[in-house]
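Chemist: Just start.txt, nothing more (compact mmCIF, C-alpha atoms and all ligand atoms):
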```
# COMPACT_ATOMS: atom_id res chain seq x y z
CA MET A 12 3.30 10.40 7.08
CA ARG A 13 6.74 11.81 7.59
CA ALA A 14 9.28 11.63 4.80
CA ARG A 15 12.07 13.61 3.25
CA ARG A 16 10.87 16.31 0.85
CA ALA A 17 11.26 15.52 -2.82
CA LYS A 18 13.41 17.61 -5.10
CA GLY A 19 12.62 18.56 -8.69
CA SER A 20 10.75 21.81 -9.13
CA GLY A 21 12.27 22.03 -12.66
CA VAL A 22 10.60 18.76 -13.57
CA LEU A 23 7.36 20.02 -12.04
CA PHE A 24 7.48 23.09 -14.25
CA ALA A 25 8.22 21.07 -17.40
CA CYS A 26 5.28 18.75 -16.65
CA ALA A 27 2.96 21.67 -15.95
CA VAL A 28 3.67 22.83 -19.50
CA LEU A 29 3.03 19.32 -20.85
CA LEU A 30 -0.19 19.06 -18.82
CA LEU A 31 -1.50 22.29 -20.29
CA ALA A 32 -0.77 20.97 -23.76
CA ALA A 33 -2.67 17.73 -22.99
CA ALA A 34 -5.66 19.60 -21.57
CA CYS A 35 -5.90 21.56 -24.84
CA GLY A 36 -5.81 18.39 -26.94
CA PRO A 37 -8.77 16.98 -28.91
CA ALA A 38 -11.69 15.31 -27.09
CA GLY A 39 -11.85 11.55 -27.62
CA ASP A 40 -13.83 8.39 -26.89
CA ALA A 41 -16.91 9.65 -25.01
CA LYS A 42 -18.36 6.12 -24.79
CA ALA A 43 -15.69 4.96 -22.35
CA GLY A 44 -16.33 8.09 -20.30
CA VAL A 45 -12.63 8.97 -20.37
CA THR A 46 -11.00 10.91 -23.17
CA PRO A 47 -7.56 9.82 -24.40
CA ALA A 48 -6.35 13.29 -23.42
CA ALA A 49 -7.58 12.73 -19.86
CA GLN A 50 -5.88 9.32 -19.77
CA ASP A 51 -2.65 10.89 -20.99
CA ASP A 52 -3.07 13.52 -18.34
CA THR A 53 -3.27 11.04 -15.43
CA ALA A 54 -0.44 8.93 -16.92
CA ARG A 55 1.73 12.04 -17.06
CA LYS A 56 0.85 12.95 -13.49
CA ARG A 57 1.84 9.45 -12.38
CA ALA A 58 5.12 9.61 -14.29
CA GLN A 59 5.86 12.93 -12.62
CA MET A 60 4.84 11.51 -9.21
CA VAL A 61 7.24 8.59 -9.67
CA GLU A 62 10.19 10.80 -10.66
CA THR A 63 9.80 13.58 -8.10
CA GLN A 64 8.51 11.66 -5.07
CA ILE A 65 9.70 8.08 -5.45
CA VAL A 66 12.86 7.83 -7.59
CA ALA A 67 14.09 11.07 -5.96
CA ARG A 68 13.90 9.36 -2.56
CA GLY A 69 15.81 6.27 -3.62
CA VAL A 70 13.27 3.60 -4.68
CA ARG A 71 14.95 1.71 -7.53
CA ASP A 72 13.12 -1.60 -8.16
CA PRO A 73 12.03 -1.32 -11.84
CA ASN A 74 8.95 -3.52 -11.29
CA VAL A 75 7.78 -1.33 -8.43
CA LEU A 76 8.35 1.86 -10.43
CA ALA A 77 6.46 0.39 -13.41
CA ALA A 78 3.55 -0.57 -11.15
CA MET A 79 3.41 2.93 -9.66
CA ARG A 80 3.35 4.43 -13.18
CA ASP A 81 0.71 1.97 -14.29
CA VAL A 82 -1.93 1.74 -11.51
CA PRO A 83 -4.50 4.58 -11.88
CA ARG A 84 -4.19 6.12 -8.39
CA HIS A 85 -6.96 8.67 -9.11
CA GLU A 86 -9.48 5.79 -9.34
CA PHE A 87 -8.87 4.86 -5.69
CA VAL A 88 -9.39 8.20 -3.93
CA ASP A 89 -12.62 9.96 -3.02
CA ALA A 90 -14.14 11.59 -6.12
CA SER A 91 -13.84 15.02 -4.47
CA GLN A 92 -10.07 14.43 -4.06
CA ARG A 93 -9.13 13.52 -7.63
CA ASP A 94 -7.17 16.72 -8.14
CA HIS A 95 -5.03 15.70 -5.18
CA ALA A 96 -4.63 12.03 -6.12
CA HIS A 97 -0.95 12.47 -7.07
CA ASP A 98 0.00 14.81 -4.22
CA ASP A 99 2.98 13.93 -2.03
CA GLY A 100 0.88 12.77 0.93
CA PRO A 101 -2.00 10.55 2.06
CA VAL A 102 -5.40 11.16 0.42
CA PRO A 103 -8.89 10.47 1.91
CA ILE A 104 -10.70 7.32 0.75
CA GLY A 105 -14.38 7.84 -0.12
CA GLY A 106 -16.92 7.31 2.68
CA SER A 107 -14.52 6.76 5.57
CA ARG A 108 -11.98 8.42 7.83
CA GLN A 109 -9.21 6.25 6.36
CA THR A 110 -6.60 7.39 3.85
CA VAL A 111 -4.68 5.96 0.90
CA SER A 112 -1.00 6.11 1.90
CA GLN A 113 1.47 8.59 0.44
CA PRO A 114 2.78 7.32 -2.96
CA TYR A 115 6.37 7.11 -1.67
CA ILE A 116 5.33 4.92 1.27
CA VAL A 117 3.34 2.58 -1.01
CA ALA A 118 6.39 2.24 -3.29
CA LEU A 119 8.86 1.84 -0.42
CA MET A 120 6.80 -0.85 1.32
CA THR A 121 6.32 -2.71 -1.97
CA GLU A 122 10.06 -2.58 -2.69
CA LEU A 123 10.89 -3.81 0.83
CA LEU A 124 8.71 -6.90 0.23
CA GLU A 125 11.10 -7.98 -2.59
CA LEU A 126 8.29 -9.86 -4.33
CA GLY A 127 8.82 -12.18 -7.27
CA PRO A 128 6.21 -12.56 -10.04
CA GLU A 129 5.04 -15.96 -8.77
CA GLU A 130 4.91 -15.07 -5.09
CA LYS A 131 1.93 -14.89 -2.76
CA VAL A 132 1.36 -11.86 -0.55
CA LEU A 133 -1.03 -11.08 2.31
CA GLU A 134 -2.11 -7.50 2.96
CA ILE A 135 -3.81 -6.38 6.18
CA GLY A 136 -5.79 -3.13 5.64
CA THR A 137 -7.17 -3.08 2.08
CA GLY A 138 -8.57 0.45 2.48
CA SER A 139 -9.16 1.73 -1.06
CA GLY A 140 -7.40 -1.23 -2.69
CA TYR A 141 -4.63 0.97 -4.15
CA GLN A 142 -1.74 -0.75 -2.37
CA SER A 143 -3.35 -4.11 -3.25
CA ALA A 144 -3.42 -3.12 -6.93
CA VAL A 145 0.26 -2.12 -6.88
CA LEU A 146 1.10 -5.44 -5.21
CA GLY A 147 -0.99 -7.21 -7.86
CA ARG A 148 1.29 -5.77 -10.54
CA VAL A 149 4.48 -7.19 -9.00
CA ALA A 150 3.37 -10.43 -7.29
CA GLY A 151 1.59 -13.62 -8.33
CA HIS A 152 -1.44 -13.29 -6.06
CA VAL A 153 -2.58 -10.83 -3.39
CA TYR A 154 -4.88 -11.74 -0.49
CA SER A 155 -6.13 -8.64 1.29
CA ILE A 156 -8.24 -8.26 4.45
CA GLU A 157 -10.19 -5.13 5.46
CA ILE A 158 -12.00 -4.73 8.78
CA ILE A 159 -14.51 -2.04 7.66
CA PRO A 160 -17.24 -3.88 5.68
CA GLU A 161 -18.10 -0.96 3.34
CA LEU A 162 -14.45 -0.45 2.43
CA ALA A 163 -13.96 -4.18 1.79
CA ARG A 164 -16.99 -4.21 -0.51
CA ALA A 165 -16.05 -1.01 -2.34
CA SER A 166 -12.41 -1.98 -2.91
CA GLU A 167 -13.38 -5.47 -4.05
CA GLU A 168 -15.79 -3.95 -6.59
CA ARG A 169 -13.24 -1.32 -7.71
CA LEU A 170 -10.44 -3.84 -8.22
CA ARG A 171 -12.78 -6.07 -10.24
CA ARG A 172 -13.93 -3.14 -12.39
CA LEU A 173 -10.32 -2.13 -13.07
CA GLY A 174 -9.37 -5.68 -14.02
CA PHE A 175 -7.07 -6.68 -11.13
CA LYS A 176 -7.83 -10.38 -11.34
CA ASN A 177 -5.05 -11.60 -9.04
CA VAL A 178 -6.27 -9.69 -5.96
CA THR A 179 -8.71 -11.35 -3.54
CA VAL A 180 -10.33 -9.17 -0.87
CA ARG A 181 -12.28 -10.26 2.18
CA GLU A 182 -13.87 -8.44 5.08
CA GLY A 183 -12.53 -9.29 8.52
CA ASP A 184 -9.96 -8.69 11.23
CA GLY A 185 -6.51 -9.33 9.80
CA TYR A 186 -5.01 -10.09 13.22
CA ARG A 187 -5.24 -13.84 12.61
CA GLY A 188 -4.08 -13.62 8.98
CA TRP A 189 -5.60 -15.93 6.37
CA PRO A 190 -4.62 -19.48 7.40
CA GLU A 191 -6.34 -21.11 4.37
CA HIS A 192 -3.85 -19.45 2.02
CA ALA A 193 -0.77 -19.45 4.28
CA PRO A 194 2.19 -19.53 4.19
CA PHE A 195 2.90 -16.21 2.45
CA ASP A 196 6.13 -15.07 0.76
CA GLY A 197 5.30 -11.51 1.79
CA ILE A 198 3.02 -9.90 4.39
CA ILE A 199 2.27 -6.17 4.42
CA VAL A 200 0.34 -4.42 7.16
CA THR A 201 -0.96 -0.93 6.37
CA ALA A 202 -2.46 -0.09 9.78
CA ALA A 203 -0.22 0.18 12.83
CA PRO A 204 -0.44 -2.31 15.71
CA GLU A 205 1.40 -1.54 18.96
CA ARG A 206 2.69 -5.10 18.99
CA ILE A 207 3.44 -7.64 16.27
CA PRO A 208 0.49 -10.01 15.70
CA GLN A 209 2.11 -13.42 16.27
CA PRO A 210 -0.27 -15.24 13.85
CA LEU A 211 1.13 -13.09 11.00
CA LEU A 212 4.74 -14.03 11.77
CA ASP A 213 3.63 -17.66 11.99
CA GLN A 214 2.09 -17.42 8.48
CA LEU A 215 5.30 -16.12 6.92
CA ALA A 216 6.96 -18.75 4.68
CA PRO A 217 10.63 -19.69 5.11
CA ASN A 218 12.60 -16.83 3.42
CA GLY A 219 9.47 -14.64 3.70
CA ARG A 220 9.39 -10.89 4.39
CA MET A 221 6.92 -8.89 6.49
CA VAL A 222 6.68 -5.07 6.25
CA ILE A 223 4.76 -3.45 9.09
CA PRO A 224 4.45 -0.12 10.90
CA VAL A 225 4.66 -0.65 14.68
CA GLY A 226 3.80 1.73 17.50
CA GLY A 227 1.24 4.14 18.88
CA PHE A 228 1.80 7.87 18.39
CA PHE A 229 5.40 7.22 17.38
CA GLN A 230 5.63 4.43 14.83
CA GLU A 231 8.51 2.78 13.03
CA LEU A 232 8.27 0.98 9.70
CA LYS A 233 9.94 -2.41 10.22
CA VAL A 234 10.92 -5.37 8.07
CA PHE A 235 10.90 -8.89 9.53
CA LYS A 236 12.69 -11.63 7.60
CA LYS A 237 12.33 -15.33 8.27
CA ASP A 238 15.28 -17.45 7.13
CA ALA A 239 15.11 -20.96 5.69
CA ASN A 240 15.29 -22.40 9.24
CA GLY A 241 12.48 -20.21 10.55
CA LYS A 242 14.72 -17.76 12.43
CA VAL A 243 13.30 -14.21 12.35
CA THR A 244 15.36 -11.01 12.17
CA GLU A 245 14.03 -7.45 12.45
CA LYS A 246 15.17 -4.16 10.89
CA ASP A 247 13.98 -0.57 11.43
CA ILE A 248 13.45 1.45 8.24
CA ILE A 249 11.93 4.93 8.90
CA PRO A 250 9.48 6.67 11.25
CA VAL A 251 5.94 6.68 9.82
CA ARG A 252 2.37 7.61 10.75
CA PHE A 253 -0.41 5.10 9.94
CA VAL A 254 -3.95 4.74 11.28
CA PRO A 255 -4.05 2.31 14.23
CA MET A 256 -4.76 -1.37 13.65
CA THR A 257 -8.10 -2.10 15.33
CA GLY A 258 -9.88 -5.27 16.45
CA GLU A 259 -8.35 -8.19 18.34
CA ILE A 260 -4.87 -6.62 18.60
CA GLU A 261 -6.33 -3.96 20.92
CA LYS A 262 -7.34 -6.69 23.37
CA THR A 263 -4.09 -8.66 23.43
CA PRO A 264 -2.09 -7.83 26.57
CA PRO A 265 1.48 -6.50 26.16
CA VAL A 266 4.24 -9.02 26.78
CA PRO A 267 5.47 -8.42 30.39
CA PRO A 268 9.03 -7.05 30.55
CA GLN A 269 11.74 -9.67 31.25
CA ASN A 270 13.29 -9.23 34.78
N1 LIG B 301 -3.54 0.16 2.02
C1 LIG B 301 -4.65 1.08 1.97
C2 LIG B 301 -4.62 2.13 3.05
C3 LIG B 301 -4.85 1.54 4.35
S1 LIG B 301 -5.52 2.58 5.61
C4 LIG B 301 -4.78 1.75 0.61
O1 LIG B 301 -3.92 1.59 -0.24
O2 LIG B 301 -5.78 2.44 0.41
C5 LIG B 301 -5.59 1.31 6.83
C6 LIG B 301 -6.73 0.35 6.67
O3 LIG B 301 -6.55 -0.69 7.62
C7 LIG B 301 -8.07 0.99 6.97
O4 LIG B 301 -8.93 0.79 5.89
C8 LIG B 301 -8.55 0.23 8.21
O5 LIG B 301 -9.95 0.05 8.25
C9 LIG B 301 -7.82 -1.09 8.06
N2 LIG B 301 -7.65 -1.88 9.29
C10 LIG B 301 -7.39 -1.44 10.56
N3 LIG B 301 -7.29 -2.49 11.40
C11 LIG B 301 -7.50 -3.62 10.66
C12 LIG B 301 -7.55 -5.01 10.98
N4 LIG B 301 -7.37 -5.47 12.22
N5 LIG B 301 -7.77 -5.89 9.97
C13 LIG B 301 -7.97 -5.46 8.69
N6 LIG B 301 -7.96 -4.15 8.35
C14 LIG B 301 -7.72 -3.23 9.32
```
Using structure tokens, write down the structure that the file contains.
Ligand code: SAH

Modeler:
Amino acid sequence: MRARRAKGSGVLFACAVLLLAAACGPAGDAKAGVTPAAQDDTARKRAQMVETQIVARGVRDPNVLAAMRDVPRHEFVDASQRDHAHDDGPVPIGGSRQTVSQPYIVALMTELLELGPEEKVLEIGTGSGYQSAVLGRVAGHVYSIEIIPELARASEERLRRLGFKNVTVREGDGYRGWPEHAPFDGIIVTAAPERIPQPLLDQLAPNGRMVIPVGGFFQELKVFKKDANGKVTEKDIIPVRFVPMTGEIEKTPPVPPQN
């Protein structure tokens, strides 16, 4: 994932001192399997992640920033990667070749969706469930589809264990969306198709927003907005690098060039 480098080595140093202090703190509630000191430690790492990687790059929506501080990112990465959970880049998801997106990209895409607390959002590419959890903190309900059965099962179980009650996951190809729950106020796609899946645009509500990376080797993050009359406009945001969207989209022929 390409992005501008974050500033803030001074903040990093200050937090390193705080982290050391936390690690030396008293041991706590062994029953829950997590000591209060360890919880403080991950909360501090998230706060630092938000300041140096996300606020520093211009994300401002207070609900998005609160969600990024709140959702325990370390719970969503492969156990062997926990030390890297808050790094400024994508992190491998357990048992697959997929990755959890860079924190900044998760925050940016969530902000671009402009979700209200009652709104309904569709996510294509559940992966670890991390982006779904962040969406769950800012929206009314999240419907998320994952094409790899083991990932769908694992993320569903993880989100339930962590108490994200307003996120519904199902296994399947997201190309055709989720007609039973359409239309959606927001649609987010976290795997890159080379072309826009038309069924997703069709399932966007009037005044809805869709955030999607589009392309092959070179991809652009785009926002599509549908106005109250159903007219769709498109805006380019930044170059990105996502895993390819697989399944039916790979079989749909490109639209022939006009003239
Ligand atoms: N949002 C995820 C990261 C997504 S990685 C997170 O926060 O962890 C992209 C995911 O999209 C992968 O898990 C991949 O299996 C899935 N994917 C690819 N094509 C898909 C399709 N057609 N339908 C649903 N999921 C798809």

Chemist: Can I get the residues close to ligand LIG 301 (chain B) as a tab-separated table (two decimals) with C-alpha atoms, in the coordinates of the input, where close means within 6 Å and we count only C-alpha atoms and all ligand atoms?

Modeler:
```tsv
chain	number	residue	atom	x	y	z
A	109	GLN	CA	-9.21	6.25	6.36
A	110	THR	CA	-6.60	7.39	3.85
A	111	VAL	CA	-4.68	5.96	0.90
A	112	SER	CA	-1.00	6.11	1.90
A	135	ILE	CA	-3.81	-6.38	6.18
A	136	GLY	CA	-5.79	-3.13	5.64
A	137	THR	CA	-7.17	-3.08	2.08
A	138	GLY	CA	-8.57	0.45	2.48
A	139	SER	CA	-9.16	1.73	-1.06
A	140	GLY	CA	-7.40	-1.23	-2.69
A	141	TYR	CA	-4.63	0.97	-4.15
A	142	GLN	CA	-1.74	-0.75	-2.37
A	156	ILE	CA	-8.24	-8.26	4.45
A	157	GLU	CA	-10.19	-5.13	5.46
A	158	ILE	CA	-12.00	-4.73	8.78
A	159	ILE	CA	-14.51	-2.04	7.66
A	183	GLY	CA	-12.53	-9.29	8.52
A	184	ASP	CA	-9.96	-8.69	11.23
A	185	GLY	CA	-6.51	-9.33	9.80
A	186	TYR	CA	-5.01	-10.09	13.22
A	201	THR	CA	-0.96	-0.93	6.37
A	202	ALA	CA	-2.46	-0.09	9.78
A	254	VAL	CA	-3.95	4.74	11.28
A	256	MET	CA	-4.76	-1.37	13.65
A	257	THR	CA	-8.10	-2.10	15.33
A	258	GLY	CA	-9.88	-5.27	16.45
```

Chemist: Mind pulling up the distance from atom CA of Leu162 of chain A to atom CA of Val61 of chain A?

Modeler: 26.4 Å

Chemist: If you count only C-alpha atoms, which residues fall within 9 Å of Leu212 of chain A, apart from same-chain ones fewer than 3 positions away, as a list in words?

Modeler: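 In the requested form, the answer reads Ile198, Ile207, Pro208, Gln209, Leu215, Ala216, Met221, Phe235, Lys237 and Val243 of chain A.
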
Chemist: Could you check which of A:Glu231, A:Glu261, A:Ala48, A:Tyr115 is closest to Val66 of chain A, using all atoms listed in the file?

Modeler: A:Tyr115

Chemist: Could you check which of A:Gly127, A:Pro103, A:Pro83, A:Pro250 is closest to Phe229 of chain A, using only C-alpha atoms?

Modeler: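 Smallest separation from Phe229 of chain A among the options: A:Pro250.
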
Chemist: Residues near segment 87-99 of chain A, anyone? I mean within 10 Å using only C-alpha atoms, not counting same-chain ones fewer than 5 positions away, as a PyMOL selection string.

Modeler: chain A and resi 12+14+16-17+53+56-61+63-65+82+104-107+110-116+138-142+144+165-166+169-170

Chemist: Rank A:Arg84, A:Arg181, A:Arg187, A:Lys131 by their smallest atom-to-atom distance to Glu168 of chain A, using all atoms listed in the file, and report the top residue only.

Modeler: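 Using all atoms listed in the file, the shortest distance to Glu168 of chain A belongs to A:Arg181.
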
Chemist: Interatomic distance between atom CA of Ile223 of chain A and atom CA of Glu134 of chain A?

Modeler: 10.1 Å

Chemist: Which residues are near Val149 of chain A? Cut-off 8 Å, only C-alpha atoms, ignore same chain within fewer than 6 positions. Put them as a VMD selection string.

Modeler: chain A and resid 74 to 75 78 126 to 128

Chemist: Name the closest residue to His85 of chain A among the candidates A:Leu124, A:Gln230, A:Tyr154, A:Ala49; distances are taken between atoms, counting only C-alpha atoms.

Modeler: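 Closest candidate: A:Ala49.
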
Chemist: Using the incomplete input, complete segment 132-143 of chain A to the level of all heavy atoms; output as a PDB file, in the coordinates of the input.

Modeler:
```pdb
ATOM      1  N   VAL A 132       1.222 -12.882  -1.587  1.00  0.00           N
ATOM      2  CA  VAL A 132       1.360 -11.860  -0.550  1.00  0.00           C
ATOM      3  C   VAL A 132       0.041 -11.628   0.166  1.00  0.00           C
ATOM      4  O   VAL A 132      -1.031 -11.691  -0.438  1.00  0.00           O
ATOM      5  CB  VAL A 132       1.958 -10.556  -1.157  1.00  0.00           C
ATOM      6  CG1 VAL A 132       1.136 -10.034  -2.298  1.00  0.00           C
ATOM      7  CG2 VAL A 132       2.124  -9.463  -0.115  1.00  0.00           C
ATOM      8  N   LEU A 133       0.141 -11.392   1.485  1.00  0.00           N
ATOM      9  CA  LEU A 133      -1.030 -11.080   2.310  1.00  0.00           C
ATOM     10  C   LEU A 133      -0.943  -9.608   2.719  1.00  0.00           C
ATOM     11  O   LEU A 133       0.107  -9.154   3.180  1.00  0.00           O
ATOM     12  CB  LEU A 133      -1.019 -11.956   3.573  1.00  0.00           C
ATOM     13  CG  LEU A 133      -2.088 -11.616   4.629  1.00  0.00           C
ATOM     14  CD1 LEU A 133      -3.483 -11.972   4.124  1.00  0.00           C
ATOM     15  CD2 LEU A 133      -1.801 -12.365   5.942  1.00  0.00           C
ATOM     16  N   GLU A 134      -2.053  -8.894   2.515  1.00  0.00           N
ATOM     17  CA  GLU A 134      -2.110  -7.500   2.960  1.00  0.00           C
ATOM     18  C   GLU A 134      -3.175  -7.365   4.053  1.00  0.00           C
ATOM     19  O   GLU A 134      -4.290  -7.861   3.897  1.00  0.00           O
ATOM     20  CB  GLU A 134      -2.495  -6.577   1.789  1.00  0.00           C
ATOM     21  CG  GLU A 134      -2.622  -5.122   2.207  1.00  0.00           C
ATOM     22  CD  GLU A 134      -3.207  -4.203   1.128  1.00  0.00           C
ATOM     23  OE1 GLU A 134      -4.026  -4.686   0.319  1.00  0.00           O
ATOM     24  OE2 GLU A 134      -2.850  -3.024   1.110  1.00  0.00           O
ATOM     25  N   ILE A 135      -2.825  -6.675   5.144  1.00  0.00           N
ATOM     26  CA  ILE A 135      -3.810  -6.380   6.180  1.00  0.00           C
ATOM     27  C   ILE A 135      -4.122  -4.886   6.089  1.00  0.00           C
ATOM     28  O   ILE A 135      -3.232  -4.051   6.276  1.00  0.00           O
ATOM     29  CB  ILE A 135      -3.276  -6.721   7.602  1.00  0.00           C
ATOM     30  CG1 ILE A 135      -2.731  -8.160   7.667  1.00  0.00           C
ATOM     31  CG2 ILE A 135      -4.366  -6.488   8.639  1.00  0.00           C
ATOM     32  CD1 ILE A 135      -3.700  -9.241   7.305  1.00  0.00           C
ATOM     33  N   GLY A 136      -5.384  -4.529   5.800  1.00  0.00           N
ATOM     34  CA  GLY A 136      -5.790  -3.130   5.640  1.00  0.00           C
ATOM     35  C   GLY A 136      -5.934  -2.763   4.181  1.00  0.00           C
ATOM     36  O   GLY A 136      -5.164  -1.981   3.635  1.00  0.00           O
ATOM     37  N   THR A 137      -6.957  -3.321   3.522  1.00  0.00           N
ATOM     38  CA  THR A 137      -7.170  -3.080   2.080  1.00  0.00           C
ATOM     39  C   THR A 137      -7.442  -1.606   1.796  1.00  0.00           C
ATOM     40  O   THR A 137      -6.979  -1.072   0.780  1.00  0.00           O
ATOM     41  CB  THR A 137      -8.382  -3.887   1.551  1.00  0.00           C
ATOM     42  OG1 THR A 137      -8.370  -5.179   2.138  1.00  0.00           O
ATOM     43  CG2 THR A 137      -8.380  -3.981   0.037  1.00  0.00           C
ATOM     44  N   GLY A 138      -8.223  -0.971   2.684  1.00  0.00           N
ATOM     45  CA  GLY A 138      -8.570   0.450   2.480  1.00  0.00           C
ATOM     46  C   GLY A 138      -9.230   0.642   1.130  1.00  0.00           C
ATOM     47  O   GLY A 138     -10.256   0.035   0.813  1.00  0.00           O
ATOM     48  N   SER A 139      -8.617   1.456   0.277  1.00  0.00           N
ATOM     49  CA  SER A 139      -9.160   1.730  -1.060  1.00  0.00           C
ATOM     50  C   SER A 139      -8.853   0.614  -2.056  1.00  0.00           C
ATOM     51  O   SER A 139      -9.440   0.548  -3.130  1.00  0.00           O
ATOM     52  CB  SER A 139      -8.533   3.016  -1.599  1.00  0.00           C
ATOM     53  OG  SER A 139      -7.152   2.787  -1.845  1.00  0.00           O
ATOM     54  N   GLY A 140      -7.859  -0.204  -1.745  1.00  0.00           N
ATOM     55  CA  GLY A 140      -7.400  -1.230  -2.690  1.00  0.00           C
ATOM     56  C   GLY A 140      -6.209  -0.765  -3.531  1.00  0.00           C
ATOM     57  O   GLY A 140      -5.714  -1.516  -4.375  1.00  0.00           O
ATOM     58  N   TYR A 141      -5.732   0.466  -3.309  1.00  0.00           N
ATOM     59  CA  TYR A 141      -4.630   0.970  -4.150  1.00  0.00           C
ATOM     60  C   TYR A 141      -3.330   0.180  -3.923  1.00  0.00           C
ATOM     61  O   TYR A 141      -2.715  -0.298  -4.885  1.00  0.00           O
ATOM     62  CB  TYR A 141      -4.397   2.465  -3.869  1.00  0.00           C
ATOM     63  CG  TYR A 141      -3.202   3.016  -4.616  1.00  0.00           C
ATOM     64  CD1 TYR A 141      -3.231   3.116  -6.011  1.00  0.00           C
ATOM     65  CD2 TYR A 141      -2.041   3.386  -3.958  1.00  0.00           C
ATOM     66  CE1 TYR A 141      -2.126   3.590  -6.717  1.00  0.00           C
ATOM     67  CE2 TYR A 141      -0.936   3.861  -4.650  1.00  0.00           C
ATOM     68  CZ  TYR A 141      -0.986   3.955  -6.027  1.00  0.00           C
ATOM     69  OH  TYR A 141       0.100   4.411  -6.725  1.00  0.00           O
ATOM     70  N   GLN A 142      -2.957   0.019  -2.652  1.00  0.00           N
ATOM     71  CA  GLN A 142      -1.740  -0.750  -2.370  1.00  0.00           C
ATOM     72  C   GLN A 142      -1.895  -2.190  -2.895  1.00  0.00           C
ATOM     73  O   GLN A 142      -0.951  -2.759  -3.453  1.00  0.00           O
ATOM     74  CB  GLN A 142      -1.460  -0.745  -0.864  1.00  0.00           C
ATOM     75  CG  GLN A 142      -0.360  -1.678  -0.397  1.00  0.00           C
ATOM     76  CD  GLN A 142       1.045  -1.155  -0.650  1.00  0.00           C
ATOM     77  OE1 GLN A 142       1.517  -0.265   0.021  1.00  0.00           O
ATOM     78  NE2 GLN A 142       1.722  -1.737  -1.631  1.00  0.00           N
ATOM     79  N   SER A 143      -3.100  -2.750  -2.761  1.00  0.00           N
ATOM     80  CA  SER A 143      -3.350  -4.110  -3.250  1.00  0.00           C
ATOM     81  C   SER A 143      -3.121  -4.180  -4.752  1.00  0.00           C
ATOM     82  O   SER A 143      -2.555  -5.156  -5.267  1.00  0.00           O
ATOM     83  CB  SER A 143      -4.794  -4.560  -2.960  1.00  0.00           C
ATOM     84  OG  SER A 143      -5.361  -3.891  -1.871  1.00  0.00           O
TER      85      SER A 143
END
```
